[in-house]
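**Q** Contents of data.pdb (PDB, C-alpha atoms):
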ATOM      1  CA  MET A 205      49.443  92.003 164.416  1.00  0.00           C
ATOM      2  CA  SER A 206      47.052  94.965 164.668  1.00  0.00           C
ATOM      3  CA  GLU A 207      44.621  95.345 167.534  1.00  0.00           C
ATOM      4  CA  PRO A 208      41.188  93.808 166.818  1.00  0.00           C
ATOM      5  CA  LEU A 209      38.267  96.158 166.331  1.00  0.00           C
ATOM      6  CA  LEU A 210      36.102  94.111 168.720  1.00  0.00           C
ATOM      7  CA  ALA A 211      37.366  91.938 171.557  1.00  0.00           C
ATOM      8  CA  VAL A 212      35.038  89.923 173.806  1.00  0.00           C
ATOM      9  CA  ALA A 213      36.565  88.242 176.865  1.00  0.00           C
ATOM     10  CA  GLY A 214      34.842  85.946 179.352  1.00  0.00           C
ATOM     11  CA  LEU A 215      31.435  87.390 178.501  1.00  0.00           C
ATOM     12  CA  THR A 216      28.682  85.872 180.647  1.00  0.00           C
ATOM     13  CA  LYS A 217      24.963  86.630 180.966  1.00  0.00           C
ATOM     14  CA  ARG A 218      22.510  84.819 183.221  1.00  0.00           C
ATOM     15  CA  PHE A 219      18.740  85.054 183.400  1.00  0.00           C
ATOM     16  CA  GLY A 220      17.761  83.510 186.713  1.00  0.00           C
ATOM     17  CA  GLY A 221      19.090  79.958 186.670  1.00  0.00           C
ATOM     18  CA  LEU A 222      19.751  80.016 182.900  1.00  0.00           C
ATOM     19  CA  THR A 223      23.207  80.936 181.640  1.00  0.00           C
ATOM     20  CA  ALA A 224      22.479  82.308 178.175  1.00  0.00           C
ATOM     21  CA  VAL A 225      26.088  83.332 177.428  1.00  0.00           C
ATOM     22  CA  ASP A 226      28.809  81.409 179.230  1.00  0.00           C
ATOM     23  CA  GLN A 227      32.375  82.806 179.330  1.00  0.00           C
ATOM     24  CA  VAL A 228      32.575  83.541 175.613  1.00  0.00           C
ATOM     25  CA  ASP A 229      35.817  84.854 174.079  1.00  0.00           C
ATOM     26  CA  PHE A 230      36.375  85.984 170.500  1.00  0.00           C
ATOM     27  CA  THR A 231      37.736  88.875 168.456  1.00  0.00           C
ATOM     28  CA  VAL A 232      36.760  90.540 165.198  1.00  0.00           C
ATOM     29  CA  GLU A 233      39.572  91.980 163.111  1.00  0.00           C
ATOM     30  CA  ARG A 234      39.136  95.258 161.248  1.00  0.00           C
ATOM     31  CA  GLY A 235      37.810  94.845 157.721  1.00  0.00           C
ATOM     32  CA  ARG A 236      36.559  91.291 158.300  1.00  0.00           C
ATOM     33  CA  LEU A 237      33.192  89.738 157.538  1.00  0.00           C
ATOM     34  CA  GLN A 238      32.750  87.358 160.456  1.00  0.00           C
ATOM     35  CA  ALA A 239      29.771  85.213 161.420  1.00  0.00           C
ATOM     36  CA  LEU A 240      28.330  83.973 164.684  1.00  0.00           C
ATOM     37  CA  ILE A 241      26.232  80.833 164.278  1.00  0.00           C
ATOM     38  CA  GLY A 242      24.629  78.123 166.380  1.00  0.00           C
ATOM     39  CA  PRO A 243      21.366  76.228 166.870  1.00  0.00           C
ATOM     40  CA  ASN A 244      18.237  77.915 168.219  1.00  0.00           C
ATOM     41  CA  GLY A 245      18.776  78.940 171.828  1.00  0.00           C
ATOM     42  CA  ALA A 246      22.559  78.991 171.511  1.00  0.00           C
ATOM     43  CA  GLY A 247      22.783  82.529 172.908  1.00  0.00           C
ATOM     44  CA  LYS A 248      23.632  84.439 169.727  1.00  0.00           C
ATOM     45  CA  THR A 249      21.138  87.281 170.068  1.00  0.00           C
ATOM     46  CA  THR A 250      21.800  87.595 173.803  1.00  0.00           C
ATOM     47  CA  LEU A 251      25.476  87.985 172.995  1.00  0.00           C
ATOM     48  CA  PHE A 252      24.616  90.692 170.456  1.00  0.00           C
ATOM     49  CA  ASN A 253      22.464  92.434 173.060  1.00  0.00           C
ATOM     50  CA  VAL A 254      25.283  92.430 175.599  1.00  0.00           C
ATOM     51  CA  VAL A 255      27.960  93.614 173.161  1.00  0.00           C
ATOM     52  CA  SER A 256      25.777  96.454 171.820  1.00  0.00           C
ATOM     53  CA  GLY A 257      24.706  97.620 175.284  1.00  0.00           C
ATOM     54  CA  PHE A 258      21.065  96.569 175.375  1.00  0.00           C
ATOM     55  CA  VAL A 259      21.775  94.072 178.185  1.00  0.00           C
ATOM     56  CA  ARG A 260      24.423  94.354 180.903  1.00  0.00           C
ATOM     57  CA  PRO A 261      26.741  91.354 181.323  1.00  0.00           C
ATOM     58  CA  ASP A 262      27.173  89.496 184.596  1.00  0.00           C
ATOM     59  CA  ALA A 263      30.863  88.997 183.883  1.00  0.00           C
ATOM     60  CA  GLY A 264      33.448  89.607 181.192  1.00  0.00           C
ATOM     61  CA  ARG A 265      34.589  92.594 179.135  1.00  0.00           C
ATOM     62  CA  VAL A 266      33.820  94.128 175.746  1.00  0.00           C
ATOM     63  CA  GLN A 267      36.428  96.261 174.004  1.00  0.00           C
ATOM     64  CA  PHE A 268      35.782  98.220 170.826  1.00  0.00           C
ATOM     65  CA  GLY A 269      38.522 100.083 169.035  1.00  0.00           C
ATOM     66  CA  GLY A 270      40.760  99.598 172.043  1.00  0.00           C
ATOM     67  CA  ARG A 271      38.240 101.115 174.488  1.00  0.00           C
ATOM     68  CA  ASP A 272      36.442  99.239 177.221  1.00  0.00           C
ATOM     69  CA  ILE A 273      32.727  99.685 176.427  1.00  0.00           C
ATOM     70  CA  THR A 274      31.375  97.055 178.826  1.00  0.00           C
ATOM     71  CA  GLY A 275      27.888  98.100 179.933  1.00  0.00           C
ATOM     72  CA  TRP A 276      27.760 101.227 177.762  1.00  0.00           C
ATOM     73  CA  ARG A 277      24.306 102.364 176.664  1.00  0.00           C
ATOM     74  CA  PRO A 278      23.368 101.586 173.034  1.00  0.00           C
ATOM     75  CA  ASP A 279      23.392 105.261 172.038  1.00  0.00           C
ATOM     76  CA  ARG A 280      26.991 105.579 173.254  1.00  0.00           C
ATOM     77  CA  THR A 281      28.150 102.457 171.427  1.00  0.00           C
ATOM     78  CA  ALA A 282      26.411 103.670 168.252  1.00  0.00           C
ATOM     79  CA  ARG A 283      28.156 107.052 168.404  1.00  0.00           C
ATOM     80  CA  LEU A 284      31.446 105.185 168.670  1.00  0.00           C
ATOM     81  CA  GLY A 285      30.605 103.282 165.471  1.00  0.00           C
ATOM     82  CA  LEU A 286      29.195  99.991 166.767  1.00  0.00           C
ATOM     83  CA  VAL A 287      25.771  99.712 165.127  1.00  0.00           C
ATOM     84  CA  ARG A 288      23.380  96.774 165.040  1.00  0.00           C
ATOM     85  CA  THR A 289      20.227  95.602 163.300  1.00  0.00           C
ATOM     86  CA  PHE A 290      17.466  93.516 164.885  1.00  0.00           C
ATOM     87  CA  GLN A 291      15.652  90.281 164.087  1.00  0.00           C
ATOM     88  CA  LEU A 292      12.296  92.004 164.494  1.00  0.00           C
ATOM     89  CA  VAL A 293      12.088  94.848 161.989  1.00  0.00           C
ATOM     90  CA  ARG A 294      10.079  97.798 163.294  1.00  0.00           C
ATOM     91  CA  PRO A 295       9.848 100.547 160.682  1.00  0.00           C
ATOM     92  CA  PHE A 296       7.948 103.786 161.107  1.00  0.00           C
ATOM     93  CA  ALA A 297       5.171 102.433 158.914  1.00  0.00           C
ATOM     94  CA  GLU A 298       3.468 105.750 158.109  1.00  0.00           C
ATOM     95  CA  MET A 299       6.734 107.491 157.248  1.00  0.00           C
ATOM     96  CA  THR A 300       8.257 107.110 153.815  1.00  0.00           C
ATOM     97  CA  VAL A 301      11.120 104.746 153.128  1.00  0.00           C
ATOM     98  CA  ARG A 302      13.431 107.752 152.721  1.00  0.00           C
ATOM     99  CA  GLU A 303      12.311 109.225 156.036  1.00  0.00           C
ATOM    100  CA  ASN A 304      12.997 105.905 157.759  1.00  0.00           C
ATOM    101  CA  VAL A 305      16.572 105.978 156.462  1.00  0.00           C
ATOM    102  CA  LEU A 306      16.955 109.620 157.529  1.00  0.00           C
ATOM    103  CA  VAL A 307      16.101 108.578 161.093  1.00  0.00           C
ATOM    104  CA  GLY A 308      19.360 106.636 161.094  1.00  0.00           C
ATOM    105  CA  PHE A 309      21.339 109.899 160.747  1.00  0.00           C
ATOM    106  CA  HIS A 310      20.068 111.202 164.095  1.00  0.00           C
ATOM    107  CA  GLY A 311      23.208 110.438 166.080  1.00  0.00           C
ATOM    108  CA  ARG A 312      25.419 112.184 163.495  1.00  0.00           C
ATOM    109  CA  THR A 313      23.557 115.479 163.177  1.00  0.00           C
ATOM    110  CA  ARG A 314      23.421 118.662 165.226  1.00  0.00           C
ATOM    111  CA  GLY A 315      20.684 121.221 165.501  1.00  0.00           C
ATOM    112  CA  GLY A 316      17.792 122.022 167.782  1.00  0.00           C
ATOM    113  CA  LEU A 317      14.700 124.183 167.860  1.00  0.00           C
ATOM    114  CA  ALA A 318      16.564 127.464 167.405  1.00  0.00           C
ATOM    115  CA  ALA A 319      18.474 126.152 164.376  1.00  0.00           C
ATOM    116  CA  ALA A 320      15.278 124.735 162.881  1.00  0.00           C
ATOM    117  CA  LEU A 321      13.602 128.154 163.173  1.00  0.00           C
ATOM    118  CA  VAL A 322      16.505 130.262 161.901  1.00  0.00           C
ATOM    119  CA  ARG A 323      17.866 127.692 159.419  1.00  0.00           C
ATOM    120  CA  PRO A 324      21.485 128.891 159.296  1.00  0.00           C
ATOM    121  CA  ARG A 325      23.735 128.074 156.370  1.00  0.00           C
ATOM    122  CA  TRP A 326      25.465 125.200 158.191  1.00  0.00           C
ATOM    123  CA  LEU A 327      22.090 123.512 158.786  1.00  0.00           C
ATOM    124  CA  ARG A 328      21.143 123.786 155.122  1.00  0.00           C
ATOM    125  CA  ARG A 329      24.501 122.284 154.116  1.00  0.00           C
ATOM    126  CA  GLN A 330      24.007 119.475 156.622  1.00  0.00           C
ATOM    127  CA  GLU A 331      20.538 118.707 155.251  1.00  0.00           C
ATOM    128  CA  ALA A 332      21.827 118.638 151.678  1.00  0.00           C
ATOM    129  CA  SER A 333      24.707 116.330 152.588  1.00  0.00           C
ATOM    130  CA  ILE A 334      22.453 113.957 154.508  1.00  0.00           C
ATOM    131  CA  GLY A 335      19.902 113.941 151.705  1.00  0.00           C
ATOM    132  CA  ALA A 336      22.530 112.961 149.144  1.00  0.00           C
ATOM    133  CA  GLU A 337      23.930 110.235 151.403  1.00  0.00           C
ATOM    134  CA  ALA A 338      20.438 108.889 152.041  1.00  0.00           C
ATOM    135  CA  GLU A 339      19.906 108.549 148.290  1.00  0.00           C
ATOM    136  CA  GLN A 340      23.126 106.558 147.983  1.00  0.00           C
ATOM    137  CA  ILE A 341      22.022 104.250 150.795  1.00  0.00           C
ATOM    138  CA  LEU A 342      18.597 103.735 149.223  1.00  0.00           C
ATOM    139  CA  ARG A 343      20.226 102.694 145.957  1.00  0.00           C
ATOM    140  CA  ARG A 344      22.584 100.417 147.836  1.00  0.00           C
ATOM    141  CA  VAL A 345      19.768  98.546 149.582  1.00  0.00           C
ATOM    142  CA  ARG A 346      17.696  98.448 146.385  1.00  0.00           C
ATOM    143  CA  LEU A 347      14.915 100.700 147.667  1.00  0.00           C
ATOM    144  CA  ALA A 348      15.476 103.849 145.619  1.00  0.00           C
ATOM    145  CA  ASP A 349      12.341 103.177 143.563  1.00  0.00           C
ATOM    146  CA  ARG A 350      10.251 102.927 146.753  1.00  0.00           C
ATOM    147  CA  ALA A 351      11.794 105.947 148.508  1.00  0.00           C
ATOM    148  CA  ASP A 352       8.633 108.073 148.615  1.00  0.00           C
ATOM    149  CA  GLU A 353       6.242 105.285 149.541  1.00  0.00           C
ATOM    150  CA  PRO A 354       5.180 104.489 153.125  1.00  0.00           C
ATOM    151  CA  ALA A 355       7.479 101.939 154.736  1.00  0.00           C
ATOM    152  CA  GLY A 356       4.381  99.946 155.707  1.00  0.00           C
ATOM    153  CA  THR A 357       3.864  99.033 152.035  1.00  0.00           C
ATOM    154  CA  LEU A 358       7.189  97.202 151.704  1.00  0.00           C
ATOM    155  CA  THR A 359       7.458  93.445 151.510  1.00  0.00           C
ATOM    156  CA  PHE A 360       9.051  91.547 154.398  1.00  0.00           C
ATOM    157  CA  GLY A 361      12.287  91.162 152.482  1.00  0.00           C
ATOM    158  CA  GLN A 362      12.400  94.848 151.606  1.00  0.00           C
ATOM    159  CA  LEU A 363      11.928  95.707 155.273  1.00  0.00           C
ATOM    160  CA  ARG A 364      15.021  93.648 156.054  1.00  0.00           C
ATOM    161  CA  PHE A 365      17.014  95.784 153.634  1.00  0.00           C
ATOM    162  CA  LEU A 366      15.472  98.967 155.059  1.00  0.00           C
ATOM    163  CA  GLU A 367      16.726  97.940 158.501  1.00  0.00           C
ATOM    164  CA  ILE A 368      20.251  97.639 157.087  1.00  0.00           C
ATOM    165  CA  GLY A 369      19.832 101.009 155.359  1.00  0.00           C
ATOM    166  CA  ARG A 370      18.982 102.729 158.619  1.00  0.00           C
ATOM    167  CA  ALA A 371      22.037 101.158 160.230  1.00  0.00           C
ATOM    168  CA  LEU A 372      24.284 102.315 157.370  1.00  0.00           C
ATOM    169  CA  ALA A 373      23.080 105.883 157.907  1.00  0.00           C
ATOM    170  CA  ALA A 374      24.994 105.859 161.197  1.00  0.00           C
ATOM    171  CA  ARG A 375      28.237 105.098 159.293  1.00  0.00           C
ATOM    172  CA  PRO A 376      29.142 102.011 161.326  1.00  0.00           C
ATOM    173  CA  ARG A 377      32.710 100.962 161.855  1.00  0.00           C
ATOM    174  CA  LEU A 378      31.253  97.607 162.910  1.00  0.00           C
ATOM    175  CA  LEU A 379      27.858  96.529 161.556  1.00  0.00           C
ATOM    176  CA  MET A 380      26.305  93.806 163.731  1.00  0.00           C
ATOM    177  CA  ALA A 381      23.578  92.221 161.616  1.00  0.00           C
ATOM    178  CA  ASP A 382      21.157  89.991 163.541  1.00  0.00           C
ATOM    179  CA  GLU A 383      19.446  87.437 161.261  1.00  0.00           C
ATOM    180  CA  PRO A 384      19.208  89.734 158.201  1.00  0.00           C
ATOM    181  CA  GLY A 385      18.495  86.726 155.969  1.00  0.00           C
ATOM    182  CA  ALA A 386      15.464  85.456 157.882  1.00  0.00           C
ATOM    183  CA  GLY A 387      12.447  85.113 155.607  1.00  0.00           C
ATOM    184  CA  LEU A 388      14.212  86.246 152.431  1.00  0.00           C
ATOM    185  CA  THR A 389      13.658  84.709 149.031  1.00  0.00           C
ATOM    186  CA  HIS A 390      16.526  83.021 147.195  1.00  0.00           C
ATOM    187  CA  GLU A 391      17.052  86.153 145.080  1.00  0.00           C
ATOM    188  CA  GLU A 392      16.967  88.431 148.121  1.00  0.00           C
ATOM    189  CA  THR A 393      19.424  86.195 149.970  1.00  0.00           C
ATOM    190  CA  ALA A 394      21.839  86.455 147.049  1.00  0.00           C
ATOM    191  CA  ALA A 395      21.447  90.247 147.066  1.00  0.00           C
ATOM    192  CA  LEU A 396      22.077  90.308 150.826  1.00  0.00           C
ATOM    193  CA  GLY A 397      25.288  88.344 150.384  1.00  0.00           C
ATOM    194  CA  GLU A 398      26.472  90.801 147.710  1.00  0.00           C
ATOM    195  CA  LEU A 399      25.632  93.736 149.969  1.00  0.00           C
ATOM    196  CA  LEU A 400      27.521  92.350 152.971  1.00  0.00           C
ATOM    197  CA  VAL A 401      30.596  91.459 150.913  1.00  0.00           C
ATOM    198  CA  GLY A 402      30.508  94.885 149.269  1.00  0.00           C
ATOM    199  CA  LEU A 403      30.416  96.620 152.646  1.00  0.00           C
ATOM    200  CA  ARG A 404      33.355  94.521 153.818  1.00  0.00           C
ATOM    201  CA  ASP A 405      35.319  95.339 150.679  1.00  0.00           C
ATOM    202  CA  GLU A 406      34.767  99.053 151.297  1.00  0.00           C
ATOM    203  CA  GLY A 407      36.115  98.847 154.831  1.00  0.00           C
ATOM    204  CA  THR A 408      33.074  98.253 157.028  1.00  0.00           C
ATOM    205  CA  THR A 409      33.646  95.404 159.478  1.00  0.00           C
ATOM    206  CA  VAL A 410      30.643  93.061 159.661  1.00  0.00           C
ATOM    207  CA  LEU A 411      29.607  90.623 162.391  1.00  0.00           C
ATOM    208  CA  LEU A 412      26.740  88.478 161.165  1.00  0.00           C
ATOM    209  CA  VAL A 413      24.336  86.291 163.143  1.00  0.00           C
ATOM    210  CA  GLU A 414      22.571  84.049 160.662  1.00  0.00           C
ATOM    211  CA  HIS A 415      20.720  80.712 160.521  1.00  0.00           C
ATOM    212  CA  ASP A 416      21.230  80.344 156.765  1.00  0.00           C
ATOM    213  CA  VAL A 417      24.407  78.269 156.915  1.00  0.00           C
ATOM    214  CA  ASP A 418      24.799  78.291 153.116  1.00  0.00           C
ATOM    215  CA  LEU A 419      24.873  82.107 153.148  1.00  0.00           C
ATOM    216  CA  VAL A 420      27.360  82.127 156.014  1.00  0.00           C
ATOM    217  CA  MET A 421      29.668  79.657 154.295  1.00  0.00           C
ATOM    218  CA  ARG A 422      29.628  81.773 151.123  1.00  0.00           C
ATOM    219  CA  VAL A 423      30.374  85.172 152.631  1.00  0.00           C
ATOM    220  CA  ALA A 424      32.082  84.772 156.021  1.00  0.00           C
ATOM    221  CA  GLU A 425      35.855  84.727 156.358  1.00  0.00           C
ATOM    222  CA  ARG A 426      35.742  83.418 159.913  1.00  0.00           C
ATOM    223  CA  ILE A 427      32.995  81.786 161.970  1.00  0.00           C
ATOM    224  CA  VAL A 428      32.355  81.514 165.706  1.00  0.00           C
ATOM    225  CA  VAL A 429      29.956  78.755 166.787  1.00  0.00           C
ATOM    226  CA  LEU A 430      27.903  78.837 169.992  1.00  0.00           C
ATOM    227  CA  ASP A 431      25.943  76.025 171.594  1.00  0.00           C
ATOM    228  CA  PHE A 432      24.069  76.363 174.903  1.00  0.00           C
ATOM    229  CA  GLY A 433      25.800  79.704 175.464  1.00  0.00           C
ATOM    230  CA  ARG A 434      29.353  78.396 175.081  1.00  0.00           C
ATOM    231  CA  LYS A 435      31.780  78.808 172.211  1.00  0.00           C
ATOM    232  CA  ILE A 436      32.398  75.344 170.788  1.00  0.00           C
ATOM    233  CA  ALA A 437      34.358  76.200 167.641  1.00  0.00           C
ATOM    234  CA  GLU A 438      36.040  79.063 165.786  1.00  0.00           C
ATOM    235  CA  GLY A 439      37.803  79.187 162.449  1.00  0.00           C
ATOM    236  CA  PRO A 440      37.440  79.567 158.675  1.00  0.00           C
ATOM    237  CA  PRO A 441      34.373  78.075 156.970  1.00  0.00           C
ATOM    238  CA  ALA A 442      36.122  74.922 155.730  1.00  0.00           C
ATOM    239  CA  GLU A 443      37.195  74.005 159.261  1.00  0.00           C
ATOM    240  CA  ILE A 444      33.817  74.782 160.776  1.00  0.00           C
ATOM    241  CA  ARG A 445      31.980  72.701 158.183  1.00  0.00           C
ATOM    242  CA  ALA A 446      34.019  69.640 159.169  1.00  0.00           C
ATOM    243  CA  ASP A 447      34.210  70.198 162.926  1.00  0.00           C
ATOM    244  CA  PRO A 448      32.662  67.222 164.831  1.00  0.00           C
ATOM    245  CA  ALA A 449      31.431  69.440 167.676  1.00  0.00           C
ATOM    246  CA  VAL A 450      29.584  71.658 165.195  1.00  0.00           C
ATOM    247  CA  LEU A 451      28.025  68.663 163.457  1.00  0.00           C
ATOM    248  CA  THR A 452      26.837  67.339 166.808  1.00  0.00           C
ATOM    249  CA  ALA A 453      25.360  70.703 167.806  1.00  0.00           C
ATOM    250  CA  TYR A 454      23.445  71.105 164.556  1.00  0.00           C
ATOM    251  CA  LEU A 455      22.566  67.549 163.657  1.00  0.00           C
ATOM    252  CA  GLY A 456      22.834  65.575 166.886  1.00  0.00           C
ATOM    253  CA  SER A 457      25.443  63.095 165.683  1.00  0.00           C
ATOM    254  CA  GLU A 458      29.164  63.251 165.048  1.00  0.00           C
ATOM    255  CA  GLU A 459      28.647  60.858 162.147  1.00  0.00           C
ATOM    256  CA  ALA A 460      26.136  63.166 160.401  1.00  0.00           C
ATOM    257  CA  GLU A 461      27.052  64.963 157.204  1.00  0.00           C
ATOM    258  CA  ALA A 462      28.283  68.544 157.386  1.00  0.00           C
ATOM    259  CA  PRO A 463      25.630  71.292 157.125  1.00  0.00           C
TER     260      PRO A 463
END
Please re-express this file's structure in structure tokens.
**A**
Amino acid sequence: MSEPLLAVAGLTKRFGGLTAVDQVDFTVERGRLQALIGPNGAGKTTLFNVVSGFVRPDAGRVQFGGRDITGWRPDRTARLGLVRTFQLVRPFAEMTVRENVLVGFHGRTRGGLAAALVRPRWLRRQEASIGAEAEQILRRVRLADRADEPAGTLTFGQLRFLEIGRALAARPRLLMADEPGAGLTHEETAALGELLVGLRDEGTTVLLVEHDVDLVMRVAERIVVLDFGRKIAEGPPAEIRADPAVLTAYLGSEEAEAP
């Protein structure tokens, strides 16, 4: 069996007397679309923050691509190919949609003041390549027709897709998507599912945090469930849907119907 792309072992994070993530273990295999779910306050976003380097763990290890990246800064994890989106979308509102996507290329480009002034051939080639890739991303996230408009004019759902577009500009090996379906319409949710599955099919590994259980059950190949910071279940969607511990966490009763 090949080495997992992401391996989390004994990960723990405390805030004062609150243990937000409590000795969590799981792996994400290369080329998988995996989901992390749980009720509000289960510790999902905190776990994302620790894995991606925005918060240092109190215990445990994070390995990515066989390297120990525990406590690495977010810019270092991103350069390695671990890229995340955020629940709260914060575009550069006055910049165009295209310019917002171009920001996502920052960690992959080289240059500087001298190169900007002289504009050598390699810089012009780099700009052309990035421009073409940005256009492909805009089409992929269904924003090509809004490319030259200020990002502040987009709808909430379109901003969600813009956030994914910026992340794709970094060419992630692992895309960690934090609540990308929040606030989307039914049509947008369907488009999001198609996008995530398409990325998986093309080789991008996806780890999804999502409250829309129907979306998760449709697209995820494997699901990890948290409750009060602890992992309470892990497996394929059919097993998770019928797991008594998951039913209790979501609905408060082992006799309740599956979500």
**Q** Give the answer as one residue: which of A:Gly245, A:Gly235, A:Pro441, A:Gly402 has the shortest atom-to-atom distance to Leu222 (chain A), using only C-alpha atoms?
**A**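 Between A:Gly245, A:Gly235, A:Pro441, A:Gly402, the residue approaching Leu222 (chain A) most closely is A:Gly245.
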**Q** Looking at only C-alpha atoms, which of A:Ala424, A:Val307, A:Ala355, A:Leu378 is the one that sits closest to Glu438 (chain A)?
**A** A:Ala424
**Q** Apply the PyMOL selection byres ((chain A and resi 270) around 8) to the structure shown and report the selected residues as a PyMOL selection string.
**A** chain A and resi 207-210+267-269+271-272
**Q** Evaluate the PyMOL selection byres ((chain A and resi 372) around 12) against this structure - the residues, as a PyMOL selection string, please.
**A** chain A and resi 282+285-289+304-312+337-342+344-345+365-371+373-381+399-400+403+408-410
**Q** Please write as a PyMOL selection string the full residue list that the PyMOL selection byres ((chain A and resi 225) around 6) yields on this file.
**A** chain A and resi 216-217+223-224+226+247+433
**Q** Between A:Glu398, A:Glu392, A:Glu383, A:Asp431, which residue has the minimum interatomic distance to Val417 (chain A), considering all atoms listed in the file?
**A** A:Glu383
**Q** Can you work out the spacing between CA of Leu388 (chain A) and CA of Gln362 (chain A) in Å, to one decimal?
**A**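 Answer for the CA of Leu388 (chain A) to CA of Gln362 (chain A) separation: 8.8 Å.
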**Q** Point out the residue among A:Ala442, A:Val255, A:Ile334, A:Leu358 with the least atom-to-atom distance to Met421 (chain A), counting only C-alpha atoms.
**A**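 Closest to Met421 (chain A) of all the choices is A:Ala442.
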**Q** Between A:Val413, A:Val301, A:Val428, A:Val420, single out the one closest to Val212 (chain A), counting only C-alpha atoms.
**A**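 Of A:Val413, A:Val301, A:Val428, A:Val420, the one nearest Val212 (chain A) is A:Val428, counting only C-alpha atoms.
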**Q** What is the distance between CA of Arg422 (chain A) and CA of Pro384 (chain A), in Å to one decimal?
**A** 14.9 Å
**Q** Please report the interatomic distance between CA of Gly257 (chain A) and CA of Arg280 (chain A) in Å with one decimal.
**A**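 These atoms are spaced 8.5 Å apart.
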**Q** Smallest atom-to-atom distance to Leu419 (chain A): which of A:Ala395, A:Ile436, A:Leu347, A:Ala263, using only C-alpha atoms?
**A**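 Using only C-alpha atoms, Leu419 (chain A) sits closest to A:Ala395.
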**Q** Show me, as JSON, numbers by chain, the residues that have an atom within 10 Å of Thr357 (chain A) when counting only C-alpha atoms, minus same-chain residues fewer than 4 positions from it.
**A** {"A": [297, 298, 300, 301, 350, 353, 362, 363]}
